[in-house]
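Source file: target_13.cif. Holds: mmCIF, C-alpha atoms.
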data_model
loop_
_atom_site.group_PDB
_atom_site.id
_atom_site.type_symbol
_atom_site.label_atom_id
_atom_site.label_comp_id
_atom_site.auth_asym_id
_atom_site.auth_seq_id
_atom_site.Cartn_x
_atom_site.Cartn_y
_atom_site.Cartn_z
ATOM 1 C CA MET A 1200 131.177 141.719 277.418
ATOM 2 C CA ALA A 1201 134.710 140.428 276.856
ATOM 3 C CA ASP A 1202 134.455 138.165 279.917
ATOM 4 C CA ILE A 1203 131.194 136.771 278.763
ATOM 5 C CA GLU A 1204 132.647 135.974 275.364
ATOM 6 C CA GLN A 1205 135.616 134.236 277.019
ATOM 7 C CA GLN A 1206 133.324 132.174 279.261
ATOM 8 C CA THR A 1207 131.167 131.057 276.393
ATOM 9 C CA PRO A 1208 132.709 127.820 275.026
ATOM 10 C CA VAL A 1209 133.224 127.557 271.351
ATOM 11 C CA GLU A 1210 131.337 124.513 269.995
ATOM 12 C CA GLU A 1211 133.388 122.433 267.627
ATOM 13 C CA THR A 1212 132.034 119.895 265.264
ATOM 14 C CA PRO A 1213 132.824 116.396 266.595
ATOM 15 C CA PRO A 1214 134.974 114.242 264.350
ATOM 16 C CA GLU A 1215 132.170 111.730 263.926
ATOM 17 C CA ASP A 1216 129.791 114.508 262.845
ATOM 18 C CA THR A 1217 132.349 115.634 260.329
ATOM 19 C CA GLU A 1218 132.388 112.192 258.787
ATOM 20 C CA MET A 1219 128.587 112.010 258.729
ATOM 21 C CA GLU A 1220 128.488 115.440 257.211
ATOM 22 C CA GLY A 1221 130.533 114.192 254.278
ATOM 23 C CA VAL A 1222 128.228 111.222 253.870
ATOM 24 C CA ASP A 1223 125.156 113.426 253.979
ATOM 25 C CA VAL A 1224 126.542 115.681 251.292
ATOM 26 C CA ALA A 1225 127.267 112.723 249.053
ATOM 27 C CA ALA A 1226 123.861 111.254 249.717
ATOM 28 C CA GLY A 1227 122.217 114.554 249.026
ATOM 29 C CA ALA A 1228 124.072 114.846 245.758
ATOM 30 C CA GLY A 1229 122.981 111.328 244.865
ATOM 31 C CA GLU A 1230 119.365 112.149 245.682
ATOM 32 C CA GLU A 1231 119.514 115.233 243.511
ATOM 33 C CA MET A 1232 120.952 113.190 240.650
ATOM 34 C CA GLY A 1233 118.216 110.625 241.134
ATOM 35 C CA LEU A 1234 115.529 113.290 241.021
ATOM 36 C CA THR A 1235 117.115 114.743 237.910
ATOM 37 C CA GLU A 1236 117.048 111.353 236.238
ATOM 38 C CA ILE A 1237 113.411 110.808 237.219
ATOM 39 C CA GLU A 1238 112.433 114.201 235.920
ATOM 40 C CA ALA A 1239 114.248 113.518 232.653
ATOM 41 C CA ASP A 1240 112.204 110.322 232.130
ATOM 42 C CA THR A 1241 108.883 112.045 232.755
ATOM 43 C CA PRO A 1242 106.958 112.134 229.452
ATOM 44 C CA LYS A 1243 106.478 115.548 227.967
ATOM 45 C CA LEU A 1244 102.962 116.903 228.222
ATOM 46 C CA ASP A 1245 101.551 117.592 224.787
ATOM 47 C CA LEU A 1246 98.985 120.346 225.059
ATOM 48 C CA PHE A 1247 96.468 120.722 222.252
ATOM 49 C CA SER A 1248 97.711 124.265 221.661
ATOM 50 C CA ASP A 1249 101.248 122.901 221.208
ATOM 51 C CA LEU A 1250 100.040 120.374 218.657
ATOM 52 C CA MET A 1251 98.361 123.141 216.698
ATOM 53 C CA LYS A 1252 101.630 125.086 216.535
ATOM 54 C CA SER A 1253 103.462 122.287 214.737
ATOM 55 C CA PRO A 1254 104.110 122.530 210.972
ATOM 56 C CA ILE A 1255 101.468 121.458 208.469
ATOM 57 C CA VAL A 1256 102.139 118.291 206.481
ATOM 58 C CA GLU A 1257 100.345 117.376 203.254
ATOM 59 C CA VAL A 1258 99.286 113.733 202.926
ATOM 60 C CA VAL A 1259 98.556 113.003 199.266
ATOM 61 C CA VAL A 1260 96.574 109.846 198.514
ATOM 62 C CA GLY A 1261 95.024 108.343 195.393
ATOM 63 C CA SER A 1262 95.752 109.260 191.819
ATOM 64 C CA GLY A 1263 94.036 110.918 188.883
ATOM 65 C CA ALA A 1264 90.505 112.082 189.595
ATOM 66 C CA ASP A 1265 90.631 110.353 192.990
ATOM 67 C CA ARG A 1266 93.757 112.206 194.109
ATOM 68 C CA THR A 1267 93.118 113.825 197.490
ATOM 69 C CA THR A 1268 95.298 115.938 199.762
ATOM 70 C CA TYR A 1269 94.867 116.051 203.542
ATOM 71 C CA SER A 1270 96.568 118.815 205.509
ATOM 72 C CA ALA A 1271 97.384 117.899 209.101
ATOM 73 C CA HIS A 1272 99.688 119.020 211.892
ATOM 74 C CA GLU A 1273 102.960 117.131 211.988
ATOM 75 C CA ALA A 1274 102.767 116.575 215.761
ATOM 76 C CA VAL A 1275 99.470 114.745 215.228
ATOM 77 C CA LEU A 1276 100.532 112.688 212.223
ATOM 78 C CA VAL A 1277 103.679 111.359 213.889
ATOM 79 C CA ARG A 1278 101.474 109.431 216.294
ATOM 80 C CA ALA A 1279 101.536 106.878 213.479
ATOM 81 C CA PRO A 1280 105.006 105.257 213.477
ATOM 82 C CA VAL A 1281 105.235 105.191 209.674
ATOM 83 C CA PHE A 1282 104.480 108.917 209.438
ATOM 84 C CA ALA A 1283 107.005 109.576 212.207
ATOM 85 C CA ARG A 1284 109.760 107.874 210.224
ATOM 86 C CA LEU A 1285 108.855 109.757 207.059
ATOM 87 C CA ALA A 1286 108.735 113.092 208.908
ATOM 88 C CA ALA A 1287 112.237 112.470 210.259
ATOM 89 C CA ASP A 1288 113.528 112.798 206.698
ATOM 90 C CA PHE A 1289 112.011 116.253 206.130
ATOM 91 C CA THR A 1290 114.663 118.892 205.470
ATOM 92 C CA PRO A 1291 114.440 122.261 207.253
ATOM 93 C CA GLY A 1292 112.590 124.687 205.020
ATOM 94 C CA GLY A 1293 111.825 121.966 202.485
ATOM 95 C CA PRO A 1294 108.442 120.556 201.448
ATOM 96 C CA ARG A 1295 106.594 118.614 204.106
ATOM 97 C CA GLN A 1296 104.626 116.111 202.046
ATOM 98 C CA VAL A 1297 103.858 112.398 202.206
ATOM 99 C CA VAL A 1298 102.609 110.669 199.051
ATOM 100 C CA MET A 1299 100.707 107.383 199.270
ATOM 101 C CA ALA A 1300 99.190 107.032 195.825
ATOM 102 C CA ASP A 1301 97.886 103.508 196.452
ATOM 103 C CA ALA A 1302 96.050 104.370 199.684
ATOM 104 C CA ASP A 1303 92.274 104.734 199.784
ATOM 105 C CA ALA A 1304 91.288 108.401 200.141
ATOM 106 C CA ASP A 1305 88.293 107.834 202.431
ATOM 107 C CA ALA A 1306 90.231 105.438 204.646
ATOM 108 C CA MET A 1307 93.031 107.985 205.012
ATOM 109 C CA GLY A 1308 90.461 110.582 206.007
ATOM 110 C CA SER A 1309 89.304 108.226 208.763
ATOM 111 C CA VAL A 1310 92.905 107.688 209.870
ATOM 112 C CA VAL A 1311 93.517 111.442 210.128
ATOM 113 C CA GLU A 1312 90.260 111.825 212.082
ATOM 114 C CA TYR A 1313 91.366 109.056 214.444
ATOM 115 C CA LEU A 1314 94.800 110.595 215.007
ATOM 116 C CA TYR A 1315 93.145 113.860 216.061
ATOM 117 C CA THR A 1316 90.193 112.504 218.073
ATOM 118 C CA GLY A 1317 90.744 108.818 218.849
ATOM 119 C CA GLU A 1318 87.629 107.844 216.833
ATOM 120 C CA TYR A 1319 86.251 107.977 213.303
ATOM 121 C CA PHE A 1320 82.812 108.102 211.691
ATOM 122 C CA PRO A 1321 80.535 106.219 212.036
ATOM 123 C CA LYS A 1322 81.157 106.041 215.763
ATOM 124 C CA LYS A 1323 79.680 103.763 218.409
ATOM 125 C CA THR A 1324 76.495 105.237 219.836
ATOM 126 C CA THR A 1325 77.421 104.345 223.441
ATOM 127 C CA ALA A 1326 80.371 102.964 225.366
ATOM 128 C CA ALA A 1327 78.688 99.556 225.690
ATOM 129 C CA ARG A 1328 80.566 96.644 224.163
ATOM 130 C CA ASP A 1329 77.724 95.729 221.800
ATOM 131 C CA ALA A 1330 76.698 99.325 221.053
ATOM 132 C CA PRO A 1331 75.458 99.906 217.486
ATOM 133 C CA LEU A 1332 77.100 102.421 215.199
ATOM 134 C CA GLU A 1333 75.779 105.785 214.135
ATOM 135 C CA LYS A 1334 73.636 105.723 211.029
ATOM 136 C CA ASP A 1335 75.724 106.356 207.940
ATOM 137 C CA PRO A 1336 73.559 108.036 205.274
ATOM 138 C CA ARG A 1337 76.154 107.167 202.622
ATOM 139 C CA GLN A 1338 75.344 103.446 202.822
ATOM 140 C CA PRO A 1339 72.366 101.994 200.907
ATOM 141 C CA VAL A 1340 69.737 99.735 202.463
ATOM 142 C CA PRO A 1341 69.940 96.867 201.730
ATOM 143 C CA ASP A 1342 73.702 96.964 201.279
ATOM 144 C CA ASP A 1343 74.240 94.397 198.513
ATOM 145 C CA ASP A 1344 77.680 95.803 197.684
ATOM 146 C CA GLY A 1345 79.008 95.551 201.223
ATOM 147 C CA LEU A 1346 79.907 99.244 201.241
ATOM 148 C CA GLY A 1347 79.416 99.577 204.987
ATOM 149 C CA LEU A 1348 81.716 96.641 205.698
ATOM 150 C CA LEU A 1349 84.315 97.885 203.229
ATOM 151 C CA VAL A 1350 84.550 101.267 204.993
ATOM 152 C CA HIS A 1351 85.958 99.577 208.081
ATOM 153 C CA ALA A 1352 87.886 96.900 206.181
ATOM 154 C CA ARG A 1353 89.825 99.612 204.334
ATOM 155 C CA VAL A 1354 90.525 101.458 207.580
ATOM 156 C CA TYR A 1355 91.714 98.165 209.102
ATOM 157 C CA THR A 1356 94.191 97.405 206.319
ATOM 158 C CA LEU A 1357 95.498 100.994 206.235
ATOM 159 C CA ALA A 1358 95.902 100.979 210.024
ATOM 160 C CA ALA A 1359 97.969 97.805 209.701
ATOM 161 C CA ARG A 1360 100.139 99.499 207.110
ATOM 162 C CA LEU A 1361 100.651 102.579 209.308
ATOM 163 C CA GLU A 1362 101.369 100.439 212.394
ATOM 164 C CA LEU A 1363 98.334 101.585 214.396
ATOM 165 C CA PRO A 1364 97.186 98.476 216.322
ATOM 166 C CA ASN A 1365 94.538 100.299 218.366
ATOM 167 C CA LEU A 1366 92.922 101.630 215.199
ATOM 168 C CA LYS A 1367 92.975 98.112 213.741
ATOM 169 C CA SER A 1368 91.081 96.849 216.785
ATOM 170 C CA LEU A 1369 88.585 99.697 216.565
ATOM 171 C CA ALA A 1370 87.904 99.087 212.869
ATOM 172 C CA HIS A 1371 87.540 95.348 213.442
ATOM 173 C CA SER A 1372 85.000 95.924 216.208
ATOM 174 C CA LYS A 1373 82.950 98.092 213.848
ATOM 175 C CA ILE A 1374 82.921 95.397 211.166
ATOM 176 C CA HIS A 1375 81.005 93.154 213.571
ATOM 177 C CA ARG A 1376 78.423 95.900 214.121
ATOM 178 C CA THR A 1377 77.704 96.487 210.426
ATOM 179 C CA ALA A 1378 74.732 94.859 208.724
ATOM 180 C CA SER A 1379 74.904 93.558 205.177
ATOM 181 C CA THR A 1380 73.465 90.972 202.775
ATOM 182 C CA ALA A 1381 74.870 87.741 201.313
ATOM 183 C CA ARG A 1382 76.227 89.609 198.302
ATOM 184 C CA GLY A 1383 77.617 92.309 200.564
ATOM 185 C CA GLU A 1384 79.330 89.697 202.734
ATOM 186 C CA LEU A 1385 80.944 88.182 199.646
ATOM 187 C CA ALA A 1386 82.204 91.590 198.512
ATOM 188 C CA TYR A 1387 83.714 92.030 201.967
ATOM 189 C CA ALA A 1388 85.222 88.521 201.925
ATOM 190 C CA ARG A 1389 86.793 89.190 198.515
ATOM 191 C CA PHE A 1390 88.412 92.383 199.802
ATOM 192 C CA VAL A 1391 89.754 90.651 202.915
ATOM 193 C CA TYR A 1392 91.315 87.763 200.987
ATOM 194 C CA LYS A 1393 92.748 90.119 198.390
ATOM 195 C CA GLU A 1394 94.083 92.952 200.548
ATOM 196 C CA SER A 1395 94.908 91.525 203.970
ATOM 197 C CA ASN A 1396 98.035 89.690 205.031
ATOM 198 C CA PRO A 1397 97.585 85.914 204.530
ATOM 199 C CA ASP A 1398 98.815 85.407 208.104
ATOM 200 C CA ASP A 1399 96.312 87.856 209.588
ATOM 201 C CA ALA A 1400 93.913 85.439 211.288
ATOM 202 C CA THR A 1401 92.287 88.315 213.182
ATOM 203 C CA ILE A 1402 90.321 89.446 210.141
ATOM 204 C CA ARG A 1403 90.424 86.309 207.955
ATOM 205 C CA LYS A 1404 89.260 83.708 210.442
ATOM 206 C CA PRO A 1405 85.926 85.434 211.255
ATOM 207 C CA VAL A 1406 85.199 85.669 207.510
ATOM 208 C CA ALA A 1407 85.755 81.942 207.038
ATOM 209 C CA ALA A 1408 83.782 81.149 210.201
ATOM 210 C CA PHE A 1409 80.877 83.303 209.036
ATOM 211 C CA TRP A 1410 80.621 81.374 205.774
ATOM 212 C CA ALA A 1411 81.255 78.014 207.412
ATOM 213 C CA THR A 1412 78.177 78.438 209.602
ATOM 214 C CA ARG A 1413 75.916 80.158 207.070
ATOM 215 C CA SER A 1414 77.159 79.099 203.650
ATOM 216 C CA TYR A 1415 74.194 76.836 202.850
ATOM 217 C CA SER A 1416 71.619 79.626 203.046
ATOM 218 C CA LEU A 1417 73.947 82.393 201.846
ATOM 219 C CA ARG A 1418 75.105 80.366 198.852
ATOM 220 C CA HIS A 1419 71.535 80.129 197.587
ATOM 221 C CA GLU A 1420 71.082 83.877 198.005
ATOM 222 C CA ALA A 1421 74.171 84.702 195.965
ATOM 223 C CA GLU A 1422 75.259 81.518 194.195
ATOM 224 C CA PRO A 1423 76.965 83.143 191.158
ATOM 225 C CA GLU A 1424 78.973 85.470 193.392
ATOM 226 C CA PHE A 1425 79.787 82.608 195.776
ATOM 227 C CA LYS A 1426 81.085 80.453 192.909
ATOM 228 C CA ALA A 1427 83.206 83.320 191.567
ATOM 229 C CA MET A 1428 84.646 83.896 195.032
ATOM 230 C CA CYS A 1429 85.570 80.228 195.411
ATOM 231 C CA LEU A 1430 87.280 80.107 192.015
ATOM 232 C CA GLU A 1431 89.177 83.353 192.601
ATOM 233 C CA PHE A 1432 90.383 82.578 196.126
ATOM 234 C CA PRO A 1433 91.063 78.853 196.733
ATOM 235 C CA GLN A 1434 92.373 79.729 200.199
ATOM 236 C CA PHE A 1435 88.890 80.968 201.099
ATOM 237 C CA VAL A 1436 87.428 77.603 200.040
ATOM 238 C CA PHE A 1437 90.013 75.695 202.075
ATOM 239 C CA ASP A 1438 89.496 77.831 205.197
ATOM 240 C CA VAL A 1439 85.706 77.421 205.051
ATOM 241 C CA LEU A 1440 85.873 73.690 204.306
ATOM 242 C CA GLN A 1441 88.361 73.101 207.099
ATOM 243 C CA LEU A 1442 86.011 74.711 209.631
ATOM 244 C CA VAL A 1443 83.037 72.734 208.312
ATOM 245 C CA LEU A 1444 84.925 69.444 208.579
ATOM 246 C CA ASP A 1445 86.234 70.315 212.041
ATOM 247 C CA GLN A 1446 82.693 70.983 213.219
ATOM 248 C CA GLN A 1447 81.388 67.740 211.719
ATOM 249 C CA GLU A 1448 84.141 65.692 213.335
ATOM 250 C CA LYS A 1449 83.448 67.391 216.666
ATOM 251 C CA SER A 1450 79.739 66.590 216.355
ATOM 252 C CA ARG A 1451 80.524 62.979 215.449
ATOM 253 C CA ARG A 1452 82.784 62.564 218.484
ATOM 254 C CA VAL A 1453 80.006 63.855 220.717
ATOM 255 C CA GLY A 1454 77.578 61.410 219.103
ATOM 256 C CA ASP A 1455 80.021 58.577 219.744
ATOM 257 C CA GLY A 1456 80.209 59.352 223.439
ATOM 258 C CA GLU A 1457 82.964 61.991 223.412
ATOM 259 C CA HIS A 1458 85.286 59.671 221.510
ATOM 260 C CA LYS A 1459 88.622 61.478 221.279
ATOM 261 C CA GLY A 1460 90.186 59.431 218.480
ATOM 262 C CA PRO A 1461 89.857 59.927 214.722
ATOM 263 C CA SER A 1462 86.410 59.564 213.169
ATOM 264 C CA VAL A 1463 87.635 56.712 210.995
ATOM 265 C CA VAL A 1464 89.788 54.165 212.817
ATOM 266 C CA PRO A 1465 92.280 52.259 210.625
ATOM 267 C CA GLY A 1466 90.849 48.813 209.860
ATOM 268 C CA SER A 1467 87.321 49.880 210.822
ATOM 269 C CA SER A 1468 84.348 49.448 208.512
ATOM 270 C CA ARG A 1469 82.875 52.809 209.581
ATOM 271 C CA LYS A 1470 82.370 55.153 206.650
ATOM 272 C CA ARG A 1471 82.467 58.921 206.634
ATOM 273 C CA ALA A 1472 79.171 60.583 205.838
ATOM 274 C CA ARG A 1473 79.404 62.700 202.745
ATOM 275 C CA VAL A 1474 78.912 66.440 203.163
ATOM 276 C CA SER A 1475 75.528 67.100 201.624
ATOM 277 C CA GLN A 1476 74.679 70.377 203.366
ATOM 278 C CA VAL A 1477 76.765 73.215 204.756
#

Turn the structure described in the file into structure tokens.
Amino acid sequence: MADIEQQTPVEETPPEDTEMEGVDVAAGAGEEMGLTEIEADTPKLDLFSDLMKSPIVEVVVGSGADRTTYSAHEAVLVRAPVFARLAADFTPGGPRQVVMADADADAMGSVVEYLYTGEYFPKKTTAARDAPLEKDPRQPVPDDDGLGLLVHARVYTLAARLELPNLKSLAHSKIHRTASTARGELAYARFVYKESNPDDATIRKPVAAFWATRSYSLRHEAEPEFKAMCLEFPQFVFDVLQLVLDQQEKSRRVGDGEHKGPSVVPGSSRKRARVSQV
């Protein structure tokens, strides 16, 4: 056995292999670091059971007889950036409460429902783009007070305040699926021009466009309310009038053979037709 051991050559690692071995070790270490970094960036999976284990936060809205308290799990509420910032200031063992006295109680209820489920009542009946909404037994028929429209308008404005753009889009889509009357549309328009940001064309422009294309008939259905709206919100009048004039000028250009210049050319004897109907 000793002879056999002596005859068996001892394999040594070639110098070049030794160098490669060092490179491989370094590369391997780099790969492990890379995997560690990738794993660290992987978003944490939030299981429903984990959400339910988070502390309860009280959201107090309204005041007086309308004061309402919603109890919700903190891990759900912080999906709204504003709630997340407020929750960051909670002290360990201290009260976990958010007070928004000027928020609408029903709208906040819809926000909490959305944060838990991704929807709020009344929901779309199907996934189709033009799907109608579920019937809401709370809303009268006909809806002369615009209550159905105001449900979604209040959710829209609260979603904007809480920095929830997807909820804003959802509420806006439901506004366009809600039936109302001339008086109801005016109640909705008044809320929009009173409560929304003046720069928010997403919700304001469709209101002005609606009245610009239907104001003649709607005005005669609710003339006192229409007059009051115009006197209270001059910006509403300007927005509607601007759209009406734009449409008239566009029609006139088409009638003149797609003339691209101004309707009244300096030095021309052409007169503008007075607006007699809207």

The PyMOL selection byres ((chain A and resi 1319) around 10) applied to the shown file, residues as a PDB file with C-alpha atoms, keeping the file's coordinate frame:
ATOM      1  CA  ALA A1306      90.231 105.438 204.646  1.00  0.00           C
ATOM      2  CA  GLY A1308      90.461 110.582 206.007  1.00  0.00           C
ATOM      3  CA  SER A1309      89.304 108.226 208.763  1.00  0.00           C
ATOM      4  CA  VAL A1310      92.905 107.688 209.870  1.00  0.00           C
ATOM      5  CA  VAL A1311      93.517 111.442 210.128  1.00  0.00           C
ATOM      6  CA  GLU A1312      90.260 111.825 212.082  1.00  0.00           C
ATOM      7  CA  TYR A1313      91.366 109.056 214.444  1.00  0.00           C
ATOM      8  CA  LEU A1314      94.800 110.595 215.007  1.00  0.00           C
ATOM      9  CA  TYR A1315      93.145 113.860 216.061  1.00  0.00           C
ATOM     10  CA  THR A1316      90.193 112.504 218.073  1.00  0.00           C
ATOM     11  CA  GLY A1317      90.744 108.818 218.849  1.00  0.00           C
ATOM     12  CA  GLU A1318      87.629 107.844 216.833  1.00  0.00           C
ATOM     13  CA  PHE A1320      82.812 108.102 211.691  1.00  0.00           C
ATOM     14  CA  PRO A1321      80.535 106.219 212.036  1.00  0.00           C
ATOM     15  CA  LYS A1322      81.157 106.041 215.763  1.00  0.00           C
ATOM     16  CA  LYS A1323      79.680 103.763 218.409  1.00  0.00           C
ATOM     17  CA  HIS A1351      85.958  99.577 208.081  1.00  0.00           C
ATOM     18  CA  VAL A1354      90.525 101.458 207.580  1.00  0.00           C
ATOM     19  CA  LEU A1366      92.922 101.630 215.199  1.00  0.00           C
ATOM     20  CA  LEU A1369      88.585  99.697 216.565  1.00  0.00           C
ATOM     21  CA  ALA A1370      87.904  99.087 212.869  1.00  0.00           C
TER      22      ALA A1370
END

Inset, instruction - Tell me, in Å to one decimal, how far CA of Gly1261 in chain A is from CA of Lys1373 in chain A. - result: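 Rounded to one decimal, the two atoms are 24.3 Å apart.
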
Can you translate the PyMOL selection byres ((chain A and resi 1344) around 8) into the concrete residues it hits in this file, as an mmCIF file with C-alpha atoms, keeping the file's coordinate frame?
data_model
loop_
_atom_site.group_PDB
_atom_site.id
_atom_site.type_symbol
_atom_site.label_atom_id
_atom_site.label_comp_id
_atom_site.auth_asym_id
_atom_site.auth_seq_id
_atom_site.Cartn_x
_atom_site.Cartn_y
_atom_site.Cartn_z
ATOM 1 C CA ASP A 1342 73.702 96.964 201.279
ATOM 2 C CA ASP A 1343 74.240 94.397 198.513
ATOM 3 C CA GLY A 1345 79.008 95.551 201.223
ATOM 4 C CA LEU A 1346 79.907 99.244 201.241
ATOM 5 C CA ARG A 1382 76.227 89.609 198.302
ATOM 6 C CA GLY A 1383 77.617 92.309 200.564
ATOM 7 C CA ALA A 1386 82.204 91.590 198.512
#

Inset, instruction - Report the residues retrieved by the PyMOL selection byres ((chain A and resi 1404) around 12) from the displayed file, expressed as a PyMOL selection string. - result: chain A and resi 1388+1391-1392+1395-1403+1405-1411+1434-1435+1437-1439+1441-1442

Inset, instruction - Give the answer as one residue: which of A:Ala1330, A:Ala1286, A:Leu1357, A:Ala1300 has the shortest atom-to-atom distance to Gly1263 in chain A, using all atoms listed in the file? - result: A:Ala1300

Legend entry - Residues within 12 Å of (84.1, 70.7, 212.5), file coords, all atoms listed in the file, listed as a list in words: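 Result, sorted by chain then residue number: Ala1408, Ala1411, Thr1412, Asp1438, Val1439, Leu1440, Gln1441, Leu1442, Val1443, Leu1444, Asp1445, Gln1446, Gln1447, Glu1448, Lys1449, Ser1450, Arg1451, Arg1452, Val1453, Ser1462, Val1474 and Val1477 of chain A.
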
Legend entry - 9 Å contact set for Gly1347 in chain A, all atoms listed in the file, chain neighbours under 5 positions out, as number ranges by chain: A: 1335, 1337-1339, 1342, 1352, 1374, 1377-1379, 1383

Legend entry - Coordinates-based distance that separates CA of Ser1262 in chain A from CA of Arg1389 in chain A (Å, one decimal): 23.0 Å

Legend entry - One-decimal distance in Å that lies between CA of Val1256 in chain A and CA of Ala1358 in chain A: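 Spanning CA of Ala1358 in chain A to CA of Val1256 in chain A is a straight-line distance of 18.7 Å.
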
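Of the residues listed (A:Leu1348, A:Leu1363, A:Ala1381, A:Pro1433), A:Leu1363 shows the shortest atom-to-atom separation from Ala1283 in chain A; distances use all atoms listed in the file.
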
Legend entry - Option closest in space to Val1340 in chain A, from A:Glu1362, A:Arg1266, A:Phe1289, A:Thr1380 [counting all atoms listed in the file]: A:Thr1380

Legend entry - Selected residue, from A:Arg1328, A:Lys1334, A:Arg1360, A:Arg1295, that lies nearest to His1375 in chain A when counting all atoms listed in the file: A:Arg1328

Inset, instruction - Name the closest residue to Val1259 in chain A among the candidates A:Ala1421, A:Val1436, A:Met1307, A:Leu1349; distances are taken between atoms, counting all atoms listed in the file. - result: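 Once distances to Val1259 in chain A are computed over all atoms listed in the file, the minimum belongs to A:Met1307.
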
Inset, instruction - Choose the residue, out of A:Leu1285, A:Ala1302, A:Met1428, A:Met1251, that has the smallest atom-to-atom separation from His1272 in chain A; count all atoms listed in the file. - result: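 Result for the nearest residue to His1272 in chain A: A:Met1251.
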
If the box runs along x, y and z of the file and leaves 3 Å on each side of range 1372-1385 of chain A, what are its centre and edge lengths in Å, one decimal, as lines of an AutoDock Vina configuration file?
center_x = 79.2
center_y = 92.9
center_z = 207.3
size_x = 17.5
size_y = 16.4
size_z = 23.9
